[in-house]
>>> print(open('model.cif').read())   # mmCIF, C-alpha atoms and all ligand atoms
data_protein
loop_
_atom_site.label_atom_id
_atom_site.label_comp_id
_atom_site.auth_asym_id
_atom_site.auth_seq_id
_atom_site.Cartn_x
_atom_site.Cartn_y
_atom_site.Cartn_z
CA MET A 3 -18.71 -24.62 0.95
CA SER A 4 -21.78 -22.64 0.06
CA PHE A 5 -23.22 -20.07 2.40
CA GLU A 6 -26.24 -17.88 2.54
CA LEU A 7 -25.88 -14.28 3.61
CA ASN A 8 -28.97 -12.22 4.08
CA GLY A 9 -27.29 -9.02 5.06
CA TRP A 10 -26.56 -7.98 8.61
CA THR A 11 -29.54 -9.51 10.41
CA GLU A 12 -27.87 -10.48 13.70
CA PRO A 13 -26.20 -8.15 16.21
CA THR A 14 -22.57 -9.22 15.72
CA LEU A 15 -20.29 -10.30 12.90
CA GLU A 16 -19.76 -13.77 14.35
CA GLU A 17 -23.48 -14.36 14.84
CA ASN A 18 -24.11 -13.38 11.23
CA LEU A 19 -21.41 -15.77 10.05
CA ILE A 20 -22.82 -18.62 12.10
CA LYS A 21 -26.27 -17.93 10.71
CA ALA A 22 -24.81 -18.07 7.21
CA GLY A 23 -23.43 -21.55 7.89
CA PHE A 24 -19.85 -21.00 9.11
CA ASP A 25 -18.50 -22.40 12.34
CA ARG A 26 -16.00 -20.98 14.81
CA ARG A 27 -13.21 -23.08 13.29
CA ASP A 28 -13.65 -21.43 9.86
CA PHE A 29 -13.59 -18.04 11.51
CA LEU A 30 -10.48 -18.85 13.57
CA LYS A 31 -8.69 -19.99 10.43
CA TYR A 32 -9.47 -16.69 8.74
CA CYS A 33 -8.34 -14.73 11.80
CA GLY A 34 -5.16 -16.84 11.87
CA GLU A 35 -4.41 -15.61 8.34
CA LEU A 36 -4.99 -12.02 9.46
CA ALA A 37 -2.68 -12.60 12.44
CA ALA A 38 -0.01 -13.82 10.02
CA VAL A 39 -0.25 -10.58 8.02
CA PHE A 40 -0.06 -8.49 11.20
CA ALA A 41 3.04 -10.42 12.21
CA VAL A 42 4.91 -9.72 8.97
CA GLY A 43 6.47 -6.55 10.40
CA GLY A 44 9.85 -7.22 11.89
CA ALA A 45 9.99 -10.72 10.45
CA VAL A 46 13.33 -10.07 8.80
CA ALA A 47 16.59 -10.02 10.70
CA GLY A 48 17.87 -6.47 10.92
CA SER A 49 14.47 -4.87 11.30
CA ALA A 50 14.71 -2.67 14.37
CA THR A 51 11.66 -3.87 16.30
CA PRO A 52 8.62 -5.82 15.29
CA ALA A 53 5.55 -3.81 14.41
CA PHE A 54 3.86 -5.63 17.29
CA ALA A 55 5.24 -6.03 20.77
CA ALA A 56 4.09 -9.65 20.69
CA PRO A 57 2.25 -11.72 18.11
CA VAL A 58 -1.51 -11.33 18.42
CA PRO A 59 -3.15 -14.77 18.71
CA ALA A 60 -5.88 -15.65 16.24
CA GLU A 61 -8.29 -16.17 19.16
CA VAL A 62 -7.87 -12.56 20.29
CA ILE A 63 -8.51 -11.25 16.77
CA ALA A 64 -11.48 -13.62 16.43
CA ASP A 65 -13.02 -12.41 19.70
CA LYS A 66 -12.69 -8.76 18.75
CA MET A 67 -13.70 -9.16 15.17
CA GLY A 68 -16.56 -11.51 16.01
CA ALA A 69 -18.00 -8.95 18.41
CA LEU A 70 -18.15 -6.18 15.80
CA THR A 71 -21.56 -4.64 15.37
CA LYS A 72 -22.10 -3.53 11.78
CA PRO A 73 -19.23 -1.19 11.09
CA VAL A 74 -20.02 1.27 8.32
CA VAL A 75 -17.44 1.78 5.60
CA VAL A 76 -17.57 4.54 2.98
CA TRP A 77 -15.23 3.71 0.10
CA LEU A 78 -14.58 6.53 -2.38
CA GLN A 79 -12.95 6.09 -5.77
CA LEU A 80 -11.56 9.29 -7.21
CA GLN A 81 -8.82 9.66 -9.89
CA GLU A 82 -7.56 6.09 -10.23
CA CYS A 83 -7.63 2.96 -12.37
CA THR A 84 -9.70 0.62 -10.14
CA GLY A 85 -6.66 -1.59 -9.56
CA CYS A 86 -6.82 -1.04 -5.80
CA MET A 87 -10.40 -2.25 -5.52
CA GLU A 88 -9.55 -5.20 -7.77
CA SER A 89 -6.69 -6.02 -5.43
CA ALA A 90 -8.89 -5.75 -2.33
CA LEU A 91 -11.61 -7.91 -3.84
CA ARG A 92 -9.09 -10.54 -4.79
CA SER A 93 -7.66 -10.78 -1.29
CA GLY A 94 -10.66 -12.96 -0.47
CA GLY A 95 -9.51 -16.38 -1.58
CA THR A 96 -11.80 -18.35 0.69
CA THR A 97 -15.52 -18.29 1.23
CA ILE A 98 -15.16 -17.00 4.78
CA GLU A 99 -13.11 -14.01 3.60
CA ASP A 100 -15.71 -13.28 0.95
CA ALA A 101 -18.43 -13.41 3.59
CA VAL A 102 -16.55 -11.12 5.98
CA LEU A 103 -15.85 -8.64 3.19
CA ARG A 104 -19.51 -8.62 2.25
CA LEU A 105 -20.58 -8.18 5.85
CA LEU A 106 -18.26 -5.24 6.34
CA SER A 107 -21.15 -3.16 5.18
CA VAL A 108 -19.56 -0.99 2.57
CA GLU A 109 -22.48 1.40 2.38
CA TYR A 110 -21.06 3.35 -0.50
CA ASN A 111 -18.68 2.31 -3.25
CA GLU A 112 -19.26 3.23 -6.87
CA LEU A 113 -17.73 0.04 -8.24
CA VAL A 114 -19.59 -2.65 -6.32
CA MET A 115 -22.80 -1.06 -5.07
CA PRO A 116 -25.94 -1.87 -7.02
CA ALA A 117 -27.40 1.63 -6.63
CA ALA A 118 -26.61 4.35 -9.18
CA GLY A 119 -27.39 8.01 -9.78
CA ALA A 120 -29.55 9.77 -7.20
CA ALA A 121 -29.95 6.57 -5.13
CA ALA A 122 -26.18 6.23 -4.84
CA ASN A 123 -25.80 9.87 -3.80
CA LYS A 124 -28.47 9.32 -1.16
CA ALA A 125 -26.66 6.24 0.15
CA LEU A 126 -23.47 8.30 0.47
CA GLU A 127 -25.27 11.04 2.35
CA ALA A 128 -26.80 8.52 4.75
CA ALA A 129 -23.46 6.78 5.36
CA ASN A 130 -21.68 10.12 5.84
CA ALA A 131 -24.17 11.01 8.55
CA GLN A 132 -23.07 8.04 10.71
CA PRO A 133 -19.68 7.34 12.25
CA HIS A 134 -17.79 5.36 9.63
CA VAL A 135 -14.41 4.24 8.39
CA LEU A 136 -13.50 6.21 5.28
CA VAL A 137 -11.42 4.43 2.65
CA VAL A 138 -10.22 6.48 -0.32
CA ASN A 139 -8.80 5.26 -3.62
CA GLY A 140 -7.44 7.74 -6.10
CA SER A 141 -6.00 11.23 -6.14
CA ILE A 142 -7.81 14.54 -5.87
CA PRO A 143 -7.52 17.09 -8.69
CA THR A 144 -7.12 20.63 -7.39
CA LYS A 145 -6.66 22.60 -10.63
CA ASP A 146 -9.49 24.47 -12.35
CA GLY A 147 -11.92 24.02 -9.51
CA GLY A 148 -11.44 20.27 -9.50
CA ILE A 149 -13.41 19.73 -12.73
CA TYR A 150 -11.27 16.73 -13.72
CA CYS A 151 -13.04 14.40 -11.28
CA THR A 152 -16.59 15.02 -10.21
CA ILE A 153 -19.22 12.75 -8.66
CA GLY A 154 -22.84 13.74 -9.08
CA GLY A 155 -21.63 17.12 -10.32
CA GLU A 156 -19.59 17.72 -7.16
CA SER A 157 -15.81 17.95 -7.15
CA ALA A 158 -13.84 15.04 -5.70
CA GLU A 159 -12.36 17.44 -3.15
CA SER A 160 -15.79 18.46 -1.90
CA VAL A 161 -16.99 14.81 -1.78
CA LEU A 162 -13.87 13.86 0.19
CA ARG A 163 -14.21 16.72 2.64
CA LYS A 164 -17.85 15.84 3.35
CA SER A 165 -17.09 12.15 3.81
CA SER A 166 -14.24 12.89 6.18
CA GLU A 167 -16.32 15.00 8.59
CA LYS A 168 -17.80 12.14 10.61
CA ALA A 169 -15.17 9.55 9.74
CA SER A 170 -13.68 7.80 12.77
CA ALA A 171 -10.65 6.83 10.72
CA ILE A 172 -9.36 7.66 7.24
CA ILE A 173 -7.40 5.20 5.15
CA ALA A 174 -5.82 6.28 1.85
CA VAL A 175 -5.42 3.15 -0.27
CA GLY A 176 -3.07 3.11 -3.25
CA ALA A 177 -0.26 5.34 -4.45
CA CYS A 178 -2.81 7.71 -6.02
CA ALA A 179 -4.65 8.36 -2.77
CA VAL A 180 -1.39 8.52 -0.82
CA TRP A 181 0.75 10.80 -3.05
CA GLY A 182 -1.12 11.41 -6.29
CA SER A 183 0.96 8.83 -8.19
CA VAL A 184 0.87 8.78 -11.98
CA GLN A 185 -1.69 11.59 -12.24
CA ALA A 186 0.52 13.80 -10.08
CA SER A 187 3.67 13.00 -12.05
CA LYS A 188 5.18 15.88 -13.96
CA PRO A 189 3.60 18.04 -15.31
CA ASN A 190 0.62 17.05 -13.15
CA PRO A 191 -2.02 18.57 -15.45
CA THR A 192 -4.90 18.18 -12.99
CA GLY A 193 -3.02 19.37 -9.90
CA ALA A 194 -3.51 15.92 -8.38
CA VAL A 195 -2.68 15.46 -4.70
CA GLY A 196 -3.06 12.74 -2.08
CA VAL A 197 -5.68 12.61 0.66
CA ASP A 198 -3.47 13.98 3.42
CA GLN A 199 -2.86 17.12 1.40
CA ILE A 200 -6.58 17.85 1.54
CA ILE A 201 -7.46 16.43 4.94
CA THR A 202 -4.86 18.00 7.15
CA GLY A 203 -4.66 18.11 10.93
CA ARG A 204 -6.00 14.55 11.18
CA PRO A 205 -4.11 11.30 10.80
CA VAL A 206 -4.48 9.51 7.50
CA ILE A 207 -3.29 5.91 7.31
CA ASN A 208 -1.43 5.44 4.04
CA VAL A 209 -1.63 2.00 2.46
CA ALA A 210 0.86 2.60 -0.35
CA GLY A 211 1.35 0.64 -3.56
CA CYS A 212 0.02 0.65 -7.10
CA PRO A 213 -1.97 -1.26 -6.15
CA PRO A 214 -1.30 -2.33 -2.58
CA ILE A 215 -1.44 -6.05 -1.74
CA GLY A 216 -5.09 -6.98 -1.14
CA GLU A 217 -4.34 -8.67 2.17
CA VAL A 218 -2.60 -5.51 3.40
CA ILE A 219 -5.66 -3.41 2.54
CA THR A 220 -8.09 -5.72 4.33
CA ALA A 221 -5.71 -6.31 7.25
CA THR A 222 -5.40 -2.55 7.82
CA ILE A 223 -9.17 -2.18 7.93
CA ALA A 224 -9.46 -5.25 10.19
CA TYR A 225 -6.75 -3.87 12.47
CA LEU A 226 -8.63 -0.61 12.94
CA LEU A 227 -11.90 -2.38 13.58
CA THR A 228 -10.47 -4.89 16.02
CA HIS A 229 -7.97 -2.72 17.88
CA GLY A 230 -9.81 0.59 17.82
CA GLU A 231 -6.64 2.40 16.90
CA ALA A 232 -4.25 2.80 14.03
CA PRO A 233 -1.44 0.28 13.67
CA LYS A 234 2.08 1.56 14.18
CA LEU A 235 2.98 3.76 11.22
CA ASP A 236 6.24 4.80 9.62
CA ASN A 237 7.16 8.38 8.77
CA GLN A 238 5.10 8.17 5.58
CA GLY A 239 1.99 7.06 7.47
CA ARG A 240 2.30 3.46 6.25
CA PRO A 241 1.44 0.58 8.63
CA LEU A 242 4.73 -0.84 9.81
CA PHE A 243 3.41 -4.38 9.86
CA ALA A 244 3.48 -4.31 6.07
CA TYR A 245 6.03 -1.61 5.22
CA ASP A 246 8.94 -1.97 7.63
CA GLN A 247 10.99 -4.19 5.39
CA ARG A 248 12.88 -3.55 2.24
CA ILE A 249 12.02 -5.71 -0.72
CA HIS A 250 15.77 -6.29 -1.02
CA ASP A 251 16.07 -7.93 2.41
CA SER A 252 13.55 -10.69 1.83
CA CYS A 253 13.94 -11.06 -1.93
CA GLN A 254 14.41 -14.62 -3.13
CA ARG A 255 17.03 -13.33 -5.64
CA ARG A 256 19.10 -11.56 -2.97
CA ALA A 257 21.85 -14.20 -2.87
CA HIS A 258 22.56 -13.43 -6.53
CA PHE A 259 22.91 -9.71 -5.75
CA ASP A 260 25.43 -10.56 -3.03
CA ALA A 261 27.26 -12.88 -5.41
CA GLY A 262 27.34 -10.26 -8.18
CA GLN A 263 25.17 -12.36 -10.51
CA PHE A 264 22.96 -9.98 -12.48
CA VAL A 265 20.41 -10.20 -15.27
CA ARG A 266 21.65 -7.77 -17.98
CA SER A 267 18.88 -8.32 -20.46
CA PHE A 268 15.55 -10.05 -20.13
CA ASP A 269 16.52 -12.91 -22.39
CA ASP A 270 20.02 -13.67 -21.18
CA ASP A 271 21.26 -16.66 -19.20
CA GLY A 272 21.05 -14.68 -15.97
CA ALA A 273 17.33 -14.15 -16.58
CA ARG A 274 16.88 -17.85 -17.28
CA ASN A 275 18.77 -18.71 -14.08
CA GLY A 276 16.76 -16.37 -11.86
CA TRP A 277 19.59 -13.96 -11.09
CA CYS A 278 19.25 -10.51 -9.53
CA LEU A 279 17.27 -7.87 -11.48
CA TYR A 280 19.10 -4.84 -10.05
CA GLU A 281 20.87 -3.97 -13.30
CA VAL A 282 17.67 -4.03 -15.31
CA GLY A 283 16.11 -1.48 -13.00
CA CYS A 284 14.92 -3.25 -9.86
CA LYS A 285 14.06 -0.69 -7.15
CA GLY A 286 13.96 -3.32 -4.39
CA PRO A 287 16.96 -1.85 -2.52
CA SER A 288 15.02 1.41 -1.97
CA THR A 289 11.51 0.05 -1.55
CA PHE A 290 9.68 -0.91 1.60
CA ALA A 291 6.88 -3.45 1.08
CA ALA A 292 5.85 -6.98 2.03
CA CYS A 293 5.58 -8.27 -1.56
CA PRO A 294 8.23 -11.02 -1.20
CA ILE A 295 6.59 -12.29 1.98
CA ILE A 296 2.83 -12.04 1.45
CA LYS A 297 3.10 -12.16 -2.35
CA TRP A 298 0.04 -11.82 -4.62
CA ASN A 299 -2.95 -13.91 -5.61
CA LYS A 300 -3.02 -15.80 -2.33
CA GLY A 301 0.73 -16.22 -2.13
CA THR A 302 1.22 -17.42 -5.70
CA SER A 303 4.00 -15.08 -6.83
CA TRP A 304 5.13 -11.47 -7.01
CA PRO A 305 6.76 -9.36 -9.76
CA VAL A 306 10.41 -10.13 -8.98
CA GLN A 307 9.70 -13.84 -8.62
CA ALA A 308 7.99 -13.67 -12.02
CA GLY A 309 11.09 -12.05 -13.56
CA HIS A 310 10.21 -8.35 -13.55
CA PRO A 311 12.08 -5.67 -11.59
CA CYS A 312 10.32 -4.02 -8.67
CA LEU A 313 9.08 -0.56 -9.75
CA GLY A 314 9.11 0.82 -6.21
CA CYS A 315 5.40 1.62 -6.27
CA THR A 316 5.11 1.85 -2.47
CA GLU A 317 7.55 4.77 -2.34
CA LYS A 318 6.78 8.46 -2.56
CA ASN A 319 6.34 9.89 -6.07
CA PHE A 320 7.69 6.70 -7.60
CA PHE A 321 6.49 7.64 -11.07
CA ASP A 322 8.74 10.72 -11.16
CA ASN A 323 11.52 9.48 -8.94
CA PHE A 324 11.97 5.88 -10.08
CA THR A 325 11.76 6.37 -13.82
CA PRO A 326 13.07 5.33 -16.28
CA PHE A 327 11.89 2.10 -14.71
CA TYR A 328 14.45 -0.06 -16.49
CA SER A 329 17.45 2.06 -15.51
CA THR A 330 19.72 0.93 -12.74
CA LEU A 331 19.00 2.36 -9.34
CA PRO A 332 21.63 4.91 -8.37
CA ASN A 333 23.53 5.11 -5.13
CA VAL A 334 23.26 1.51 -4.05
CA GLY A 335 26.60 1.36 -2.36
CA GLY A 336 28.28 -2.00 -2.04
CA PHE A 337 26.14 -4.91 -1.10
CA GLY A 338 23.64 -4.10 1.54
CA VAL A 339 22.07 -0.71 2.10
CA GLU A 340 21.57 -0.13 5.79
CA GLY A 341 18.55 1.07 7.74
CA THR A 342 14.93 0.11 7.90
CA ALA A 343 11.80 2.19 7.74
CA GLU A 344 11.49 1.95 11.50
CA ALA A 345 15.06 3.02 12.14
CA VAL A 346 14.64 6.21 10.13
CA GLY A 347 10.93 6.70 10.55
CA TRP A 348 8.50 7.28 13.33
CA GLY A 349 6.92 4.61 15.44
CA VAL A 350 3.61 6.39 15.74
CA VAL A 351 1.20 4.40 17.83
CA GLY A 352 1.49 1.89 20.64
CA VAL A 353 -0.25 -1.39 20.01
CA ALA A 354 -2.11 -2.06 23.23
CA ALA A 355 -5.54 -3.22 22.17
CA ALA A 356 -8.22 -0.78 23.19
CA GLY A 357 -11.50 -2.37 22.19
CA VAL A 358 -13.19 -0.92 19.16
CA ALA A 359 -13.24 2.74 20.16
CA ILE A 360 -11.62 3.88 16.93
CA HIS A 361 -11.86 7.49 17.87
CA ALA A 362 -9.60 7.05 20.86
CA GLY A 363 -7.01 5.32 18.70
CA VAL A 364 -7.06 8.02 16.09
CA THR A 365 -6.60 10.68 18.73
CA ALA A 366 -3.64 8.72 20.07
CA ALA A 367 -2.19 8.63 16.55
CA ALA A 368 -2.55 12.39 16.23
CA ASN A 369 -0.84 12.99 19.55
CA ALA A 370 1.96 10.62 18.78
CA ALA A 371 2.43 12.16 15.34
CA SER A 372 2.87 15.61 16.84
CA ARG A 373 5.31 14.18 19.40
CA ASN A 374 7.36 12.73 16.60
CA ALA A 375 7.20 15.94 14.60
CA ALA A 376 8.55 17.77 17.62
CA SER A 377 11.38 15.25 17.99
CA GLY A 378 12.68 16.33 14.59
CA ASN A 379 12.95 12.85 13.12
CA GLU A 380 13.77 13.08 9.45
CA PRO A 381 11.38 11.35 7.11
CA LEU A 382 12.59 8.33 5.25
CA GLN A 383 14.31 9.41 2.08
CA ALA A 384 13.30 7.44 -0.96
CA PHE A 385 16.08 7.20 -3.46
CA GLY A 386 14.35 9.51 -5.87
CA ASP A 387 14.37 12.32 -3.30
CA SER A 388 18.11 12.57 -3.63
CA GLU A 389 19.94 13.94 -6.62
CA ARG A 390 19.61 11.60 -9.55
CA VAL A 391 22.99 10.21 -10.39
CA TRP A 392 22.41 7.19 -12.54
CA LEU A 393 24.94 4.43 -12.51
CA PRO A 394 25.83 3.49 -16.06
CA ASN A 395 23.66 0.71 -17.40
CA PRO A 396 26.19 -1.66 -18.96
CA LYS A 397 23.81 -2.69 -21.71
CA LYS A 398 23.08 0.90 -22.70
CA VAL A 399 26.75 1.85 -22.71
CA GLU A 400 27.58 -1.12 -24.92
CA SER A 401 24.80 -0.42 -27.41
CA ALA A 402 25.56 3.31 -27.46
CA ASP A 403 29.14 2.48 -28.43
CA ALA A 404 28.00 0.08 -31.08
CA GLU A 405 25.63 2.62 -32.63
CA ALA A 406 27.92 5.65 -32.35
CA PRO A 407 28.33 7.55 -35.65
CA ALA A 408 31.80 7.55 -37.22
CA GLU A 409 32.66 11.15 -36.29
CA THR A 410 32.09 10.56 -32.60
CA THR A 411 33.68 7.14 -32.40
CA THR A 412 36.19 6.43 -29.69
CA ASP A 413 38.08 4.15 -32.04
CA ASP A 414 41.80 4.59 -31.34
CA SER A 415 42.85 4.78 -34.98
CA LYS A 416 40.45 7.70 -35.52
CA LYS A 417 41.80 9.42 -32.44
CA ALA A 418 45.31 9.13 -33.81
CA GLU A 419 44.24 10.95 -36.97
FE1 LIG B 501 -3.83 4.26 -8.23
FE2 LIG B 501 -5.90 2.60 -7.23
FE3 LIG B 501 -2.53 2.29 -8.99
FE4 LIG B 501 -4.85 1.96 -9.85
O1 LIG B 501 -7.51 2.90 -6.68
S1 LIG B 501 -2.54 3.14 -6.94
S2 LIG B 501 -3.52 3.74 -10.47
S3 LIG B 501 -3.55 0.33 -9.10
O2 LIG B 501 -6.33 1.81 -8.77
O3 LIG B 501 -5.38 4.30 -7.23
#
>>> encode(input="model.cif", output="structure tokens", more="lines below")
Ligand code: FSX
Amino acid sequence: MSFELNGWTEPTLEENLIKAGFDRRDFLKYCGELAAVFAVGGAVAGSATPAFAAPVPAEVIADKMGALTKPVVVWLQLQECTGCMESALRSGGTTIEDAVLRLLSVEYNELVMPAAGAAANKALEAANAQPHVLVVNGSIPTKDGGIYCTIGGESAESVLRKSSEKASAIIAVGACAVWGSVQASKPNPTGAVGVDQIITGRPVINVAGCPPIGEVITATIAYLLTHGEAPKLDNQGRPLFAYDQRIHDSCQRRAHFDAGQFVRSFDDDGARNGWCLYEVGCKGPSTFAACPIIKWNKGTSWPVQAGHPCLGCTEKNFFDNFTPFYSTLPNVGGFGVEGTAEAVGWGVVGVAAAGVAIHAGVTAAANAASRNAASGNEPLQAFGDSERVWLPNPKKVESADAEAPAETTTDDSKKAE
């Protein structure tokens, strides 16, 4: 259908949508899709508890979201590749999602805003002066006075600090904003860090992934706007509704792992038959994400389904810890690694809906976080945090033997000499 949006002319989101030509049924359908994303947490057997005490009906989300009155969003892009924004923009597969995204009133974003130069800086100043949701893509360089990323001549760190002052909630989107990612990988020439290393003492919601799934980005923002509080988070600050399950537990290739049927090279029969990618480097057993469930491009596919190992991009420092990407993950004992993010992490915030008073929710998150810190819960350990003991990659061992020079051969006749 075609629709005509003339900006935010009516008091509420729903009234603006109706004016643009949508009806309540379209809106309910969209909210039903959001409800499905919220309900992903705990969907897999073995997950300790669902991220929600009970499924949230689409009608409840529609009522809360429909009543929103022009929320202001400031969306910064610092050291990054733009993949996260591409992902978010592509989460809108229907006209209603496009309309809602446009109405969200992103007052400042370098990629999509028409203003540039001084006008853009002015828009940022104006948005920073109001209560707003702050979304950050990209890492922050801290070396050499932050000269590696500046906006309008100001360092990224300074821009971030200013934008965070009046922010009701802060969401770090993408591995770069969460942990620094590739820019922070050794030797980290720019001294790149994630948002919560700059903005301390306040909760930062970490939507991890390189990039994160678009629906997870928009659902996290929608959750904040409709519930007025952060969703339940794990020990890494990631919303449990999207990060409480291991890739491994909902992977369509899992039966082949259990049966010991592995791809050993990308053009072998195992690859053609859709067998498990563990031996060619899949990090699914150590990675928490909803990729196999929500998938990408409106549920079309995801990397493992397409034949590529999971790189573990939702886990801490994956670029240092999970490389070489095509080497077999170490320490996957037997068949079935136990524990979920929730079991080893923190359940940070209760989920009772509290209107749209975001501030109250954020305060609750801060209190709960300090409670959990006091309880001494250990953070989830990604596999790369432990000592790296690589299991031998059968293919590499074979080819190393084949290419070994004569003097180092293990040939028995040589040994006898
Ligand atoms: Fe990083 Fe995002 Fe990877 Fe790229 O904004 S998480 S490099 S997809 O774009 O920050």
>>> residues_near_ligand(input="model.cif", ligand="ligand LIG 501 (chain B)", cutoff="7 Å", atoms="only C-alpha atoms and all ligand atoms", output="list of chain:residue names")
A:Gln79, A:Gln81, A:Glu82, A:Cys83, A:Thr84, A:Gly85, A:Cys86, A:Met87, A:Asn139, A:Gly140, A:Val175, A:Gly176, A:Ala177, A:Cys178, A:Ala179, A:Ser183, A:Val184, A:Gly211, A:Cys212, A:Pro213
>>> closest_residue(input="model.cif", among="A:Asp65, A:Asp322, A:Glu231, A:Glu159", to="Ile172 (chain A)", atoms="all atoms listed in the file")
A:Glu231
>>> atom_distance(input="model.cif", atom1="CA of Glu156 (chain A)", atom2="CA of Cys315 (chain A)")
29.7 Å
>>> residues_around(input="model.cif", residues="Asn190 (chain A)", least_positions_apart="3", cutoff="12 Å", atoms="only C-alpha atoms", output="ChimeraX atom specification")
/A:141-145,150,181-187,193-195,319,321-322
>>> atom_distance(input="model.cif", atom1="CA of Trp77 (chain A)", atom2="CA of Pro133 (chain A)")
13.4 Å
>>> closest_residue(input="model.cif", among="A:Leu91, A:Leu78, A:Val102, A:Leu313", to="Ala22 (chain A)", atoms="all atoms listed in the file")
A:Val102
>>> closest_residue(input="model.cif", among="A:Glu281, A:Asp269, A:Asp28, A:Glu317", to="Asn237 (chain A)", atoms="only C-alpha atoms")
A:Glu317
>>> atom_distance(input="model.cif", atom1="CA of Ser165 (chain A)", atom2="CA of Glu112 (chain A)")
14.1 Å
>>> closest_residue(input="model.cif", among="A:Tyr110, A:Phe40, A:Tyr328, A:Phe264", to="Phe243 (chain A)", atoms="only C-alpha atoms")
A:Phe40
>>> closest_residue(input="model.cif", among="A:Lys21, A:Lys124, A:His229, A:Lys188", to="Asn323 (chain A)", atoms="all atoms listed in the file")
A:Lys188
